[in-house]
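Have a look at protein.cif below; it lists mmCIF, C-alpha atoms.
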data_my_file
#
loop_
_atom_site.label_atom_id
_atom_site.label_comp_id
_atom_site.auth_asym_id
_atom_site.auth_seq_id
_atom_site.Cartn_x
_atom_site.Cartn_y
_atom_site.Cartn_z
CA MET A 1 27.32 -47.34 0.17
CA PRO A 2 28.81 -49.49 -2.61
CA GLU A 3 30.02 -52.88 -1.44
CA GLU A 4 33.75 -53.53 -1.10
CA GLN A 5 35.06 -55.29 -4.19
CA GLU A 6 38.32 -56.58 -5.64
CA ILE A 7 39.34 -54.87 -8.85
CA ALA A 8 42.45 -55.48 -10.94
CA THR A 9 45.26 -53.01 -10.35
CA ARG A 10 48.35 -52.10 -12.32
CA GLU A 11 51.63 -50.50 -11.48
CA SER A 12 52.06 -46.82 -12.20
CA THR A 13 53.80 -45.98 -15.45
CA THR A 14 54.30 -42.35 -14.47
CA ASN A 15 55.99 -40.62 -11.59
CA THR A 16 53.72 -37.72 -10.78
CA PRO A 17 53.90 -35.54 -7.67
CA LYS A 18 51.63 -36.41 -4.76
CA VAL A 19 50.49 -32.77 -4.55
CA LYS A 20 49.83 -31.25 -7.98
CA PRO A 21 50.44 -27.60 -8.92
CA HIS A 22 47.25 -25.55 -8.91
CA PRO A 23 45.83 -24.57 -12.32
CA LYS A 24 46.78 -21.06 -13.41
CA SER A 25 44.12 -18.47 -14.18
CA SER A 26 46.49 -17.12 -16.85
CA GLU A 27 46.18 -20.45 -18.71
CA ILE A 28 42.46 -21.12 -18.19
CA PRO A 29 40.49 -18.31 -19.87
CA VAL A 30 37.31 -18.72 -17.79
CA PRO A 31 36.66 -18.39 -14.04
CA PHE A 32 37.05 -21.64 -12.10
CA VAL A 33 36.97 -23.13 -8.61
CA TYR A 34 39.85 -25.49 -7.78
CA SER A 35 39.96 -27.58 -4.61
CA PRO A 36 42.89 -29.89 -3.79
CA SER A 37 42.11 -33.31 -2.34
CA ASP A 38 40.92 -33.32 1.28
CA ASP A 39 43.50 -35.96 2.24
CA GLY A 40 46.54 -34.25 0.74
CA THR A 41 47.05 -36.69 -2.15
CA ASP A 42 46.07 -35.40 -5.59
CA GLU A 43 45.80 -38.69 -7.46
CA ASN A 44 42.65 -37.94 -9.49
CA LEU A 45 41.17 -34.74 -10.88
CA LEU A 46 37.41 -34.39 -11.33
CA ILE A 47 36.40 -31.61 -13.74
CA LEU A 48 32.82 -30.43 -13.17
CA LEU A 49 30.82 -28.72 -15.92
CA HIS A 50 27.53 -26.98 -15.09
CA GLY A 51 24.39 -26.87 -17.18
CA LEU A 52 22.78 -24.13 -19.26
CA GLY A 53 22.12 -20.93 -17.31
CA ASP A 54 24.37 -21.71 -14.34
CA THR A 55 27.90 -20.83 -13.15
CA GLN A 56 30.88 -22.67 -11.71
CA ILE A 57 30.03 -21.74 -8.10
CA PRO A 58 27.43 -24.45 -7.27
CA PHE A 59 29.55 -27.12 -8.96
CA GLY A 60 32.64 -25.99 -7.09
CA ARG A 61 30.63 -26.50 -3.90
CA LEU A 62 29.45 -29.91 -5.12
CA GLY A 63 33.03 -30.96 -5.82
CA ARG A 64 34.02 -30.21 -2.23
CA GLN A 65 30.94 -31.97 -0.83
CA LEU A 66 31.74 -35.19 -2.69
CA HIS A 67 34.84 -35.82 -0.52
CA LEU A 68 36.21 -38.28 -3.05
CA PRO A 69 39.44 -39.83 -1.70
CA GLN A 70 42.67 -38.62 -3.29
CA THR A 71 40.67 -36.47 -5.71
CA ALA A 72 41.03 -32.78 -6.46
CA THR A 73 38.15 -30.98 -8.17
CA LEU A 74 38.00 -28.26 -10.81
CA ALA A 75 34.67 -26.55 -11.62
CA LEU A 76 34.76 -24.44 -14.78
CA ARG A 77 32.40 -21.67 -15.83
CA ALA A 78 31.03 -21.78 -19.37
CA PRO A 79 32.57 -19.14 -21.65
CA GLU A 80 29.47 -17.37 -23.01
CA LYS A 81 26.96 -15.27 -21.10
CA ILE A 82 23.38 -15.90 -22.17
CA PRO A 83 22.25 -12.71 -23.95
CA TYR A 84 19.44 -10.49 -22.70
CA LEU A 85 19.56 -11.86 -19.15
CA TYR A 86 20.49 -9.69 -16.18
CA GLU A 87 21.55 -12.51 -13.87
CA GLU A 88 24.83 -14.43 -14.08
CA ALA A 89 23.78 -17.19 -16.49
CA TYR A 90 26.21 -18.87 -18.88
CA GLN A 91 26.18 -21.30 -21.80
CA TRP A 92 28.91 -23.59 -23.16
CA TYR A 93 27.97 -22.70 -26.73
CA GLU A 94 25.43 -20.54 -28.55
CA SER A 95 22.11 -22.09 -27.59
CA PHE A 96 19.30 -19.80 -28.81
CA ASP A 97 18.15 -18.42 -32.13
CA PRO A 98 17.14 -14.72 -32.52
CA LEU A 99 13.60 -15.61 -31.38
CA GLY A 100 14.85 -17.17 -28.15
CA GLU A 101 14.18 -20.76 -29.23
CA LEU A 102 16.73 -23.46 -28.46
CA LEU A 103 18.91 -24.31 -31.45
CA GLU A 104 18.26 -27.81 -32.77
CA HIS A 105 21.85 -28.32 -33.94
CA PRO A 106 24.19 -26.15 -31.83
CA ASN A 107 27.91 -25.90 -32.53
CA PRO A 108 29.99 -26.86 -29.46
CA THR A 109 33.37 -26.14 -31.11
CA PRO A 110 34.25 -23.10 -28.91
CA ALA A 111 33.62 -25.12 -25.74
CA LEU A 112 35.64 -28.10 -27.04
CA ASP A 113 38.53 -25.80 -27.96
CA LEU A 114 38.40 -24.34 -24.45
CA LEU A 115 38.50 -27.77 -22.79
CA THR A 116 41.32 -28.90 -25.08
CA LYS A 117 43.33 -25.93 -23.82
CA VAL A 118 42.41 -26.69 -20.19
CA VAL A 119 43.38 -30.38 -20.43
CA GLU A 120 46.64 -29.51 -22.18
CA HIS A 121 47.52 -27.12 -19.33
CA LEU A 122 46.61 -29.72 -16.70
CA VAL A 123 48.72 -32.42 -18.36
CA LYS A 124 51.77 -30.37 -19.32
CA GLU A 125 52.03 -27.86 -16.48
CA CYS A 126 50.12 -29.41 -13.58
CA ALA A 127 51.45 -32.98 -13.94
CA TRP A 128 48.05 -34.69 -14.33
CA PRO A 129 48.20 -37.92 -16.38
CA PRO A 130 45.29 -37.99 -18.87
CA GLN A 131 43.98 -41.26 -17.40
CA ARG A 132 43.61 -39.54 -14.00
CA ILE A 133 41.41 -36.75 -15.40
CA HIS A 134 37.68 -37.42 -15.00
CA PHE A 135 34.64 -35.40 -16.13
CA PHE A 136 31.24 -34.86 -14.54
CA GLY A 137 28.76 -32.71 -16.44
CA PHE A 138 25.09 -31.81 -16.21
CA ALA A 139 22.93 -31.34 -19.33
CA GLN A 140 24.89 -29.00 -21.61
CA GLY A 141 27.95 -29.64 -19.46
CA GLY A 142 27.47 -33.40 -19.85
CA SER A 143 27.30 -33.06 -23.63
CA VAL A 144 30.51 -31.02 -23.66
CA ALA A 145 32.22 -33.53 -21.35
CA ALA A 146 31.36 -36.49 -23.60
CA GLU A 147 32.28 -34.62 -26.79
CA SER A 148 35.59 -33.54 -25.24
CA ALA A 149 36.52 -37.12 -24.34
CA LEU A 150 35.80 -38.19 -27.93
CA LYS A 151 37.83 -35.29 -29.33
CA TYR A 152 40.77 -36.17 -27.07
CA TRP A 153 40.64 -39.79 -28.24
CA ARG A 154 40.45 -38.78 -31.92
CA THR A 155 43.55 -36.64 -31.47
CA GLU A 156 45.39 -39.50 -29.76
CA LEU A 157 44.44 -41.94 -32.53
CA SER A 158 45.70 -39.47 -35.11
CA LEU A 159 49.04 -39.14 -33.32
CA HIS A 160 49.28 -42.93 -33.11
CA GLN A 161 48.55 -43.30 -36.83
CA LYS A 162 51.17 -40.71 -37.79
CA ALA A 163 53.78 -42.45 -35.62
CA LEU A 164 53.27 -45.91 -37.16
CA PRO A 165 56.43 -47.16 -38.93
CA SER A 166 56.40 -46.93 -42.71
CA SER A 167 58.54 -48.72 -45.29
CA SER A 168 60.97 -45.79 -45.18
CA ASN A 169 60.85 -45.32 -41.42
CA GLN A 170 61.19 -48.47 -39.32
CA SER A 171 61.45 -46.68 -35.97
CA SER A 172 60.37 -48.81 -33.02
CA ASN A 173 59.04 -45.78 -31.11
CA VAL A 174 55.32 -46.26 -31.71
CA TYR A 175 53.07 -43.69 -30.03
CA ILE A 176 50.62 -45.32 -27.61
CA PRO A 177 47.28 -43.46 -27.59
CA GLN A 178 45.88 -42.47 -24.21
CA SER A 179 42.32 -41.74 -23.14
CA LEU A 180 40.82 -39.70 -20.32
CA GLY A 181 39.88 -41.40 -17.04
CA SER A 182 36.07 -41.38 -17.17
CA VAL A 183 32.99 -39.32 -18.00
CA ILE A 184 29.67 -39.00 -16.19
CA SER A 185 26.99 -37.23 -18.19
CA VAL A 186 23.78 -36.32 -16.40
CA SER A 187 21.08 -35.78 -19.05
CA GLY A 188 23.67 -34.69 -21.60
CA PRO A 189 23.51 -36.32 -25.09
CA LEU A 190 26.16 -36.15 -27.80
CA LEU A 191 25.79 -33.19 -30.15
CA SER A 192 27.38 -34.98 -33.11
CA TYR A 193 27.09 -38.51 -34.47
CA PRO A 194 30.29 -40.39 -33.57
CA THR A 195 32.29 -41.88 -36.45
CA LEU A 196 35.24 -43.69 -34.88
CA LYS A 197 37.02 -46.78 -36.21
CA ILE A 198 38.05 -47.58 -32.65
CA PRO A 199 35.52 -46.55 -29.95
CA CYS A 200 36.81 -44.32 -27.18
CA PRO A 201 37.91 -46.53 -24.25
CA THR A 202 37.06 -43.87 -21.65
CA PRO A 203 34.33 -45.41 -19.44
CA LEU A 204 31.12 -43.38 -19.55
CA LEU A 205 28.08 -43.39 -17.28
CA VAL A 206 24.94 -41.68 -18.54
CA PHE A 207 22.43 -40.77 -15.81
CA HIS A 208 19.11 -39.62 -17.20
CA ARG A 209 15.40 -39.21 -16.57
CA PRO A 210 12.60 -40.93 -18.50
CA HIS A 211 9.77 -39.02 -20.14
CA PRO A 212 7.87 -36.87 -19.31
CA ALA A 213 10.79 -35.20 -17.49
CA GLU A 214 11.85 -31.91 -19.05
CA SER A 215 15.47 -33.15 -19.09
CA ALA A 216 14.61 -36.51 -20.73
CA LEU A 217 16.99 -37.53 -23.51
CA ARG A 218 15.88 -38.15 -27.08
CA PRO A 219 15.25 -41.87 -27.79
CA SER A 220 18.46 -42.32 -29.82
CA ALA A 221 20.79 -40.58 -27.33
CA VAL A 222 22.05 -43.61 -25.38
CA GLY A 223 22.61 -45.60 -28.59
CA GLU A 224 24.69 -42.74 -30.00
CA LEU A 225 26.83 -42.69 -26.86
CA LYS A 226 27.39 -46.44 -27.26
CA LYS A 227 28.60 -45.81 -30.83
CA GLY A 228 31.28 -43.44 -29.56
CA PHE A 229 32.34 -45.12 -26.30
CA GLY A 230 33.39 -48.73 -25.77
CA VAL A 231 32.16 -48.87 -22.16
CA VAL A 232 28.80 -47.23 -21.40
CA GLU A 233 26.73 -47.69 -18.25
CA GLU A 234 23.16 -46.38 -18.19
CA VAL A 235 21.19 -45.28 -15.14
CA LYS A 236 17.58 -44.18 -15.69
CA ILE A 237 15.66 -42.95 -12.65
CA ARG A 238 12.35 -41.07 -12.55
CA GLY A 239 12.62 -37.48 -11.43
CA GLU A 240 14.02 -34.23 -12.79
CA GLY A 241 17.45 -32.68 -13.18
CA MET A 242 20.51 -33.53 -11.11
CA PRO A 243 20.69 -36.57 -8.79
CA GLN A 244 19.12 -35.61 -5.47
CA SER A 245 18.93 -38.46 -2.98
CA LYS A 246 21.48 -40.90 -1.61
CA GLU A 247 19.82 -43.62 -3.71
CA GLU A 248 20.24 -41.56 -6.89
CA TRP A 249 23.89 -40.81 -6.13
CA GLU A 250 24.71 -44.42 -5.26
CA PRO A 251 25.30 -45.71 -8.85
CA ILE A 252 27.45 -42.65 -9.58
CA MET A 253 29.58 -43.23 -6.48
CA ARG A 254 29.89 -46.92 -7.39
CA PHE A 255 31.07 -45.95 -10.87
CA TRP A 256 33.74 -43.70 -9.37
CA SER A 257 34.73 -46.40 -6.88
CA GLU A 258 35.64 -48.59 -9.86
CA ARG A 259 37.49 -45.89 -11.84
CA LEU A 260 39.30 -43.53 -9.48
CA GLY A 261 42.92 -44.42 -8.78
CA ARG A 262 44.58 -44.66 -5.39
CA ARG A 263 48.23 -43.98 -4.71
CA GLN A 264 49.83 -46.60 -2.49
CA MET A 265 52.95 -46.17 -0.41
CA ASP A 266 54.79 -48.67 -2.59
CA GLY A 267 54.00 -46.71 -5.76
CA LEU A 268 51.21 -48.99 -7.00
CA TYR A 269 47.85 -47.73 -8.12
CA GLU A 270 44.61 -49.31 -6.99
CA VAL A 271 41.00 -48.49 -7.64
CA MET A 272 38.84 -46.91 -4.99
CA ALA A 273 36.09 -48.92 -3.33
CA GLY A 274 33.44 -47.85 -0.86
CA VAL A 275 33.24 -44.10 -1.52
CA ALA A 276 30.21 -42.40 0.00
CA PRO A 277 27.54 -40.17 -1.60
CA PRO A 278 27.87 -36.37 -1.13
CA ARG A 279 26.70 -35.07 2.20
#
Would you kindly transcribe this structure into structure tokens?
Amino acid sequence: MPEEQEIATRESTTNTPKVKPHPKSSEIPVPFVYSPSDDGTDENLLILLHGLGDTQIPFGRLGRQLHLPQTATLALRAPEKIPYLYEEAYQWYESFDPLGELLEHPNPTPALDLLTKVVEHLVKECAWPPQRIHFFGFAQGGSVAAESALKYWRTELSLHQKALPSSSNQSSNVYIPQSLGSVISVSGPLLSYPTLKIPCPTPLLVFHRPHPAESALRPSAVGELKKGFGVVEEVKIRGEGMPQSKEEWEPIMRFWSERLGRRQMDGLYEVMAGVAPPR
């Protein structure tokens, strides 16, 4: 269990409903599992993205098992079925060449376009503030989560730049760019080299395995994440795949305890402390 800690809080700048509307299947073009918060207060939304060859079902179950306070969960299924396989196995983007070898430089654009559409629906129609939307992704899902946060920030910076007053337009209504709440990538590197004048302020935790693990990241992966994100925490633990034990989940739960918001009766937002690992 993370220790109790005092963390700076700030007053809410938005008036969002305590219980958020459920996402609509007509607006999200892939199957998903949505679970409202256990305690009846939807203050945070955790979007879970599975790895290559999986579906949304196990990650929907994981979201419920986390029991994060005041946090709803949304597990999405990747859009593309892996060809030539009989089982239900999906990929976020085309991953194999005609010989069945993994592509060295895959194109995640279809997945990023999908997540842009999902986040837009969540913000505009389900009343989720962008800073209350958090991502957790494994392997391919972690890469897509990190790339999506960067894409969102690039779009916000572009809107801010366009809204800056010019010599002919001295409007005082300057657009303030927003970023997503946080990203946790488990063994998921960036797929592109980040080129941002202002790093993305979304806090990111990268959990990964050292060599010789099959899921080990390339040597430059963490450095590339630090080029794109202003706040990066790294957790490297021997093993394979997803976090398994309470000890492996502990740094992840601590990260969430410092980033997830809490709705107070007086309308103030605090940060969670003392959340427990999944049971």
Can you tell me which residues surround region 47-60 of chain A at a distance of at most 8 Å, considering all atoms listed in the file, apart from same-chain residues fewer than 6 positions away, and format the answer as a CSV table (one decimal) with C-alpha atoms, keeping the file's coordinate frame?
chain,number,residue,atom,x,y,z
A,31,PRO,CA,36.7,-18.4,-14.0
A,32,PHE,CA,37.0,-21.6,-12.1
A,33,VAL,CA,37.0,-23.1,-8.6
A,34,TYR,CA,39.8,-25.5,-7.8
A,35,SER,CA,40.0,-27.6,-4.6
A,73,THR,CA,38.2,-31.0,-8.2
A,74,LEU,CA,38.0,-28.3,-10.8
A,75,ALA,CA,34.7,-26.6,-11.6
A,76,LEU,CA,34.8,-24.4,-14.8
A,77,ARG,CA,32.4,-21.7,-15.8
A,78,ALA,CA,31.0,-21.8,-19.4
A,82,ILE,CA,23.4,-15.9,-22.2
A,88,GLU,CA,24.8,-14.4,-14.1
A,89,ALA,CA,23.8,-17.2,-16.5
A,90,TYR,CA,26.2,-18.9,-18.9
A,91,GLN,CA,26.2,-21.3,-21.8
A,92,TRP,CA,28.9,-23.6,-23.2
A,133,ILE,CA,41.4,-36.8,-15.4
A,134,HIS,CA,37.7,-37.4,-15.0
A,135,PHE,CA,34.6,-35.4,-16.1
A,136,PHE,CA,31.2,-34.9,-14.5
A,137,GLY,CA,28.8,-32.7,-16.4
A,138,PHE,CA,25.1,-31.8,-16.2
A,139,ALA,CA,22.9,-31.3,-19.3
A,140,GLN,CA,24.9,-29.0,-21.6
A,141,GLY,CA,28.0,-29.6,-19.5
A,142,GLY,CA,27.5,-33.4,-19.8
A,145,ALA,CA,32.2,-33.5,-21.4
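Checking A:Ser158, A:Ser143, A:His121, A:Cys126 one by one against Thr109 (chain A), counting all atoms listed in the file, you find the shortest gap at A:Ser143.
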Check your understanding: What is the CA of Thr41 (chain A) to CA of Ala149 (chain A) distance in Å?
Key -> 24.6 Å
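Our summary of the geometry notes that CA of Cys200 (chain A) is positioned 17.2 Å from CA of Leu115 (chain A).
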Exercise for review: May I ask for the distance between CA of Val123 (chain A) and CA of Ser148 (chain A), given in Å to one decimal place?
Suggested key: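 Pair CA of Val123 (chain A) / CA of Ser148 (chain A) returns 14.9 Å.
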Review point. What do you get, as an MDAnalysis selection string, if you spell out every residue that the PyMOL selection byres ((chain A and resi 224) around 12) selects here?
Key: chainID A and resid 143 146:147 188:196 199 206 217:223 225:230 232
Exercise for review: With a distance cut-off of 10 Å and all atoms listed in the file, select the neighbouring residues of Glu94 (chain A), excluding the residue or stretch itself and same-chain residues fewer than 3 positions from it, and output the selection as a PyMOL selection string.
Suggested key: chain A and resi 80-83+90-91+97+102-103+106-108+110-111
Exercise for review: Taking the point (9.9, -34.4, -18.7) as given in the file, collect each protein or nucleic acid residue that comes within 12 Å of it, counting all atoms listed in the file, and present the set as a VMD selection string.
Suggested key: chain A and resid 187 208 to 218 237 to 241
Exercise for review: Would you write out, as a ChimeraX atom specification, every residue that the PyMOL selection byres ((chain A and resi 178) around 9) captures in this file?
Suggested key: /A:130-131,152-153,156-157,176-177,179-180,201
